[in-house]
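What follows is a short report on a single structure.
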Amino acid sequence: MNLLFAILLLLSGAVLPPLTIRLGRAACAWTAAAINAGALLLMAAPLVQVFRGNTVEASWSWLPQAGFDILLRLDGLAVLFVLLILGMGLLIILYAHYYLAAHEPAGRFYGLLLLFMGSMLGIVLADHLLLLLVFWEMTSLSSFLLISFWHHRPEARCGARMALAVTGTGGLAMLAGFLLLAHITGSSRISVILAAGDIIRGHPLYAPTLLLILLGAFTKSAQFPFHFWLPQAMAAPTPVSAYLHSATMVKAGVFLLARLFPALAGTDLWFFVVGGTGLATLLFGAYTALFQHDLKGLLAYSTISHLGLIILLFGIDSPLAAVAGLFHIINHATFKASLFMAAGIIDHETGTRDMRLINGLAKYMPYTATLAMVAASAMAGVPLLNGFLSKEMFFAETLHLGILGSASRLLPAAATLAGIFAVAYSARFVHDVFFNGEPVNLPRYPPHDPPRYMMIPAALLAGVCLVVGILPAHTVAPTLNLAANGMLGGPPPQYSLALWHGLTTPFLMSLVALFGGIILYSLRHNLFAFHRRLAFAPDARALFWIAIERLIEIARVATSILENGSLQRYAALLLFAALAAVAIPSIPGNAPLTGPLPLSPIDPLTLLGALVMMTAAVTTLLWHRRRLQALIAFSVVGLVAALAFVRFSAPDLALTQLSVEVVTIMLLLLALFFLPQQDRAESSPLRRSRDLLLALGLGAGAGLLTWGILTRPFQSISGYYMANSLPGGGGANVVNVILVDFRGFDTLGEITVLAAAAIGIFALLHNLCLPPGPDSYGKRFWSDERHPLVLALSTRFLLPLALLVSIFLFLRGHHAPGGGFIAGLVTAIALILQYMASGIAWTRRRWHLHYHPVIACGILLAAATGAGSWLVGRPFLTSAFGHFHLPLLGDIELASAMLFDLGVYLSVVGVVLLILATLGKLTGRCAEARRSS
Amino acid sequence: MEAVAALTVAVLVACGVYLALRGRTFPVVLGLSLLSYAVNLFLFLTGRLVTGAPPLAGGSAPTADPLPQALVLTAIVIGFGMTAFVVILSLRARGELGNDHVDGKGEKT
């Protein structure tokens with residue numbers, strides 16, 4: 001459990017420094033250090049366990065059904081990284097306290113640093129692929145935030161964005177690789193996957209899996225050609241560069257390769273891709289580093305080169321090379337972090353990082369110079385320092401390579417060449433900065449050594465370089481052995497960590513690199529001139545920005561094609577997509593279109609009805625530019641639909657359709673008053689034929705679908721409703737009982753939607769003043785007679801009759817066709833007819849009713865009926881019914897569902913009247929507006 | 001009879017789609033309404049063609065399937081709400097934009 005607590009301590013502790021900064025900068029730094037030390041303390045017991053030869057595991061059940069648990073595991077490999085992360089973290093916190101200026105937000109800095117530390121610890125401890133990925137992305141995010149710490153600087157923002165884009169893309173590729181890996185092995189648990197190496201390597205998906213995971217690792221570890229983000233990330237404060245971008249985060253990719261080494265390594269593909277990338281990065285980084293004028297730029301390219309070296313060692317794919325790679329991880333972390341700290345000190349004291357300005361600092365800052373020289377010598381691979389040992393192991397490994405055949409001589413040569421460049425840029429770091437004449441135009445002059453405590457971290461690291469370099473067997477050997485054991489999944493082969501192995505080939509290669517490098521550096525003026533003329537290199541950074549711009553351009557073009565502001569095009573695209581979505585899967589068509597059911601005979605009356613309906617629909621289409629005629633044809637469709645419902649045993653539907661049809665046509669007629677009556681051909685012939693094809697395709701699809709359904713037998717769930725309608729719902733009209741009882745909740749939702757539509761319409765019509773539709777395309781033929789007498793009088797007689805019918809329909813709805821919806825529509829039509837026949841003013845004089853409260857009452861009544869069942873301890877909308885005997889009327893049944901239906905009735909009446917009356921008032925309002933203006 | 005029903009749905013859908021793709025609001029409203037008729041009919045037909053047996057409980061003879069009917073009943077009412085909203089929206093659009101083109105880009109009317 002300590003493993004989990006250590007991670008949680010760091011992650012949750014990240015909020016403390018921003019709080020404690022109010023107590024002063026020292027308190028803030030102490031808090032961060034205490035949290036870091038606390039995590040180290042928590043890890044102490046598990047670490048000791050591992051050194052005794054055990055593996056510590058911790059698990060926390062999270063989503064066991066999805067195979068996702070928090071699984072942590074501390075083995076030898078993880079120990080190495082835990083020590084690196086937590087140990088280096090303490091030094092960085094101390095260093096940063098002196099590095100950050102007093103006015104800079106140290107609280108935020110330490111918070112982010114702890115966040116990063118926790119995430120990084122999570123990566124190395126995770127025993128679950130997805131957990132690892134989550135922590136991996138968290139390091140990318142905290143790195144993004146730390147690079148952009150000085151967010152007022154454009155280069156910091158650019159660098160942060162680039163780092164996030166590159167490592168984030170890699171992370172996505174890695175996720176895909178992880179999913180494939182989990183698919184191959186059937187488990188996301190890393191310890192299970194490591195044991196399944198043979199299955200993975202033999203699987204046909206091995207190559208894509210490997211390449212995707214490598215993409216993640218290479219982007220994170222800044223391997224060529226994804227290296228370009230690392231130099232840009234140097235815009236971060238130097239403690240960040242020292243910690244994230246040399247010692248820990250960029251090692252995450254390397255760690256991943258080491259972690260999955262037993263599962264993925266051991267194939268030619270691994271050798272050529274990993275080894276090849278490593279070699280290219282090693283040479284490219286070493287060469288480029290020499291020509292940097294920026295102190296941190298030189299270190300960044302050197303870091304790229306050293307990461308390439310480690311990757312190359314892992315690519316060589318022998319146990320000894322793996323040991324050498326692990327050893328170099330330790331060594332590189334120590335000397336490079338120390339060099340970054342020195343570079344930060346120099347930047348801090350002189351105000352610049354340009355090596356053309358900084359010269360001869362040795363006499364101004366002797367202590368810093370000494371430390372930097374020790375670390376730089378380690379970087380160059382000078383004997384007595386740790387860099388020498390791992391580099392010699394590297395040289396030795398390049399010699400024993402059979403796989404390349406006759407080309408195997410090239411690898412030692414390339415390695416030596418990279419060694420020469422490493423010595424040359426190390427020499428430049430030392431000579432150019434600390435000697436080589438006097439400083440030029442320093443922003444701060446004279447420079448001097450920083451406070452003693454700022455140098456302590458760098459000094460400690462330089463000391464480690466020296467001690468490990470002289471006494472490797474007594475210092476680093478146990479940890480290295482443990483790490484190699486963890487990485488290889490077994491005891492590593494025999495090797496000797498010693499300064500002197502005799503006059504061997506690797507030693508000679510080291511000597512060649514040393515002297516070659518010094519000679520190269522002394523020839524630097526010619527070399528710089530040569531490099532300037534060269535200037536061919538396609539700058540990866542520029543390519544990245546071009547790619548980003550191109551991407552934005554493509555997105556813009558795609559957007560303008562898909563979203564050009566034309567609703568017609570959107571609708572066409574949507575319908576086309578719908579057609580394709582249904583048509584493409586049905587093309588292979590295994591099942592026959594026609595089902596086994598026998599066809600029912602055609603009777604002439606129904607056929608006639610269908611013909612009328614189809615003719616009316618086609619007529620609507622043909623006449624759509626003469627709108628009144630089109631509307632009349634359209635109304636026929638709805639009326640025949642009502643007849644069809646009667647014909648096929650749906651009396652409720654027929655009643656509803658009939659009344660809705662009346663209301664709809666009235667509404668459309670009213671609306672047409674405000675729209676042009678006629679219309680010219682709008683679309684081009686091309687568009688019309690396109691639309692026609694689309695319409696025919698969709699029509700055919702819908703028809704075939706209907707045919708397929710109608711000719712097949714089916715199993716309905718309606719048996720339950722039929723059986724329980726009378727005993728459970730107290731009604732014989734099953735459709736109505738479904739609406740108000742079985743599916744009452746749906747109905748409540750539906751009347752709410754209706755109410756929302758009505759309120760929306762009310763809002764749309766608010767303050768709208770429209771002139772009547774223009775008659776520019778033809779003659780207006782609205783009648784001048786506003787309220788025909790015959791109509792007015794007959795509707796007044798009809799009103800009580802209609803209301804009586806609606807009450808009748810409402811009351812009988814539970815047992816026979818009818819119900820709240822239909823009754824509401826009939827009432828609404830009866831009232832609307834009064835408006836139409838006698839005018840708004842006349843009607844308003846007789847009853848002045850606001851319809852909003854009617855709608856509200858309806859919905860509240862329905863909801864309250866439903867909630868009422870809570871009072872008797874039943875679920876929402878449970879209905880009750882009983883039979884009562886009333887004098888005169890006899891035995892009647894009352895059901896609570898009837899109250900619910902009353903709610904439906906009220907809201908339907910309110911909605912229809914609100915819509916139509918508000919629209920109707922539009923004519924009068926405009927006349928008033930015209931009069932007043 | 002099944003073929004006639006399927007053909008009717010097909011014609012309604014085709015006419016509805018063509019009208020819904022027009023450039024002026026009024027035909028679009030008509031097209032959408034035709035489409036909703038077609039969809040209602042289609043949903044209703046999933047209960048198959050049953051004649052002379054309305055879904056009333058209590059009898060012993062098999063009746064039409066009540067479930068699609070209940071679905072379509074609310075669909076008809078909601079369809080009215082939708083049509084009303086769209087048509088009023090087109091009025092408002094004419095008021096705001098000065099014409100009745102769906103993109104608001106036509107000449108002023």
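Starting from 1 in every chain, residues are counted up; chains themselves are A, B, ... following the order of the structure tokens, and ligands are numbered from 1 as listed.
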List every residue of chain A that has an atom at most 6 Å from any atom of chain B, giving for each one its closest atom pair and the distance in Å to one decimal, counting only C-alpha atoms, sorted by chain and then by ascending residue number, as a tab-separated table.
residue	atom	partner	partner_atom	distance
A:Ser566	CA	B:Asp103	CA	5.7
A:Leu567	CA	B:Asp103	CA	5.9
A:Gln568	CA	B:Leu21	CA	5.6
A:Ser600	CA	B:Met1	CA	5.6
A:Pro601	CA	B:Met1	CA	5.8
A:Ile602	CA	B:Met1	CA	4.7
A:Phe648	CA	B:Thr51	CA	4.7
A:Ser649	CA	B:Pro54	CA	4.4
A:Ala650	CA	B:Pro54	CA	5.8
A:Leu653	CA	B:Leu73	CA	5.6
A:Asp691	CA	B:Tyr18	CA	5.8
A:Ala695	CA	B:Ala14	CA	4.4
A:Leu696	CA	B:Ala14	CA	5.4
A:Gly699	CA	B:Ala10	CA	4.2
A:Ala700	CA	B:Ala10	CA	5.6
A:Ala702	CA	B:Ala10	CA	5.6
A:Gly703	CA	B:Ala10	CA	4.3
A:Thr706	CA	B:Ala6	CA	5.2
A:Trp707	CA	B:Ala6	CA	5.3
A:Leu710	CA	B:Arg48	CA	5.9
A:Met722	CA	B:Ala57	CA	5.7
A:Ala732	CA	B:Ala57	CA	4.7
A:Asn733	CA	B:Leu56	CA	4.9
A:Val734	CA	B:Leu56	CA	5.8
A:Val735	CA	B:Ala70	CA	5.1
A:Leu754	CA	B:Gly81	CA	5.8
A:Ile761	CA	B:Phe85	CA	5.9
A:Leu770	CA	B:Gly95	CA	5.9
Write out as a short mmCIF file (atom, residue, chain, number, x, y, z; two decimals) with N, CA and C atoms, in the first residue's frame each polymer residue whose atoms come within 7 Å of Ser302 of chain A, counting only C-alpha atoms; drop sequence neighbours fewer than 2 positions from it.
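Dumped everything to out.cif:
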data_model
loop_
_atom_site.label_atom_id
_atom_site.label_comp_id
_atom_site.auth_asym_id
_atom_site.auth_seq_id
_atom_site.Cartn_x
_atom_site.Cartn_y
_atom_site.Cartn_z
N GLY A 285 22.24 14.07 -32.86
CA GLY A 285 22.28 14.91 -31.67
C GLY A 285 23.69 15.39 -31.38
N ALA A 286 24.67 14.48 -31.49
CA ALA A 286 26.04 14.83 -31.16
C ALA A 286 26.57 15.88 -32.14
N ALA A 289 24.73 19.30 -31.54
CA ALA A 289 25.05 19.93 -30.27
C ALA A 289 26.27 20.83 -30.40
N LEU A 298 22.87 23.49 -26.45
CA LEU A 298 23.93 22.47 -26.55
C LEU A 298 23.59 21.28 -25.67
N LEU A 299 23.16 21.59 -24.43
CA LEU A 299 22.83 20.49 -23.51
C LEU A 299 21.62 19.71 -24.01
N ALA A 300 20.66 20.40 -24.62
CA ALA A 300 19.47 19.71 -25.11
C ALA A 300 19.84 18.72 -26.21
N ILE A 304 19.58 14.66 -26.34
CA ILE A 304 19.00 13.86 -27.43
C ILE A 304 19.98 12.77 -27.84
N SER A 305 21.24 13.18 -27.99
CA SER A 305 22.26 12.22 -28.43
C SER A 305 22.44 11.09 -27.41
N HIS A 306 22.46 11.45 -26.12
CA HIS A 306 22.66 10.41 -25.10
C HIS A 306 21.45 9.49 -25.01
#
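What separates atom CA of Tyr367 of chain A from atom CA of Tyr99 of chain A is a distance of 16.9 Å.
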* DSSP on the backbone, then: every residue of segment 46-173 of chain A marked strand (DSSP E), written as a PyMOL selection string. => chain A and resi 56-63+68-74
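Within 9 Å of Leu672 of chain A, once only C-alpha atoms are used and residues closer than 6 positions along the same chain are dropped, the contacting residues are Arg627, Leu628, Pro772 and Gly773 of chain A; Phe26 of chain B.
Atom CA of Ala217 of chain A to atom CA of Ala39 of chain A spans 26.5 Å [interatomic distance, one decimal].
The space between atom CA of Val872 of chain A and atom CA of Ile855 of chain A spans 27.1 Å.
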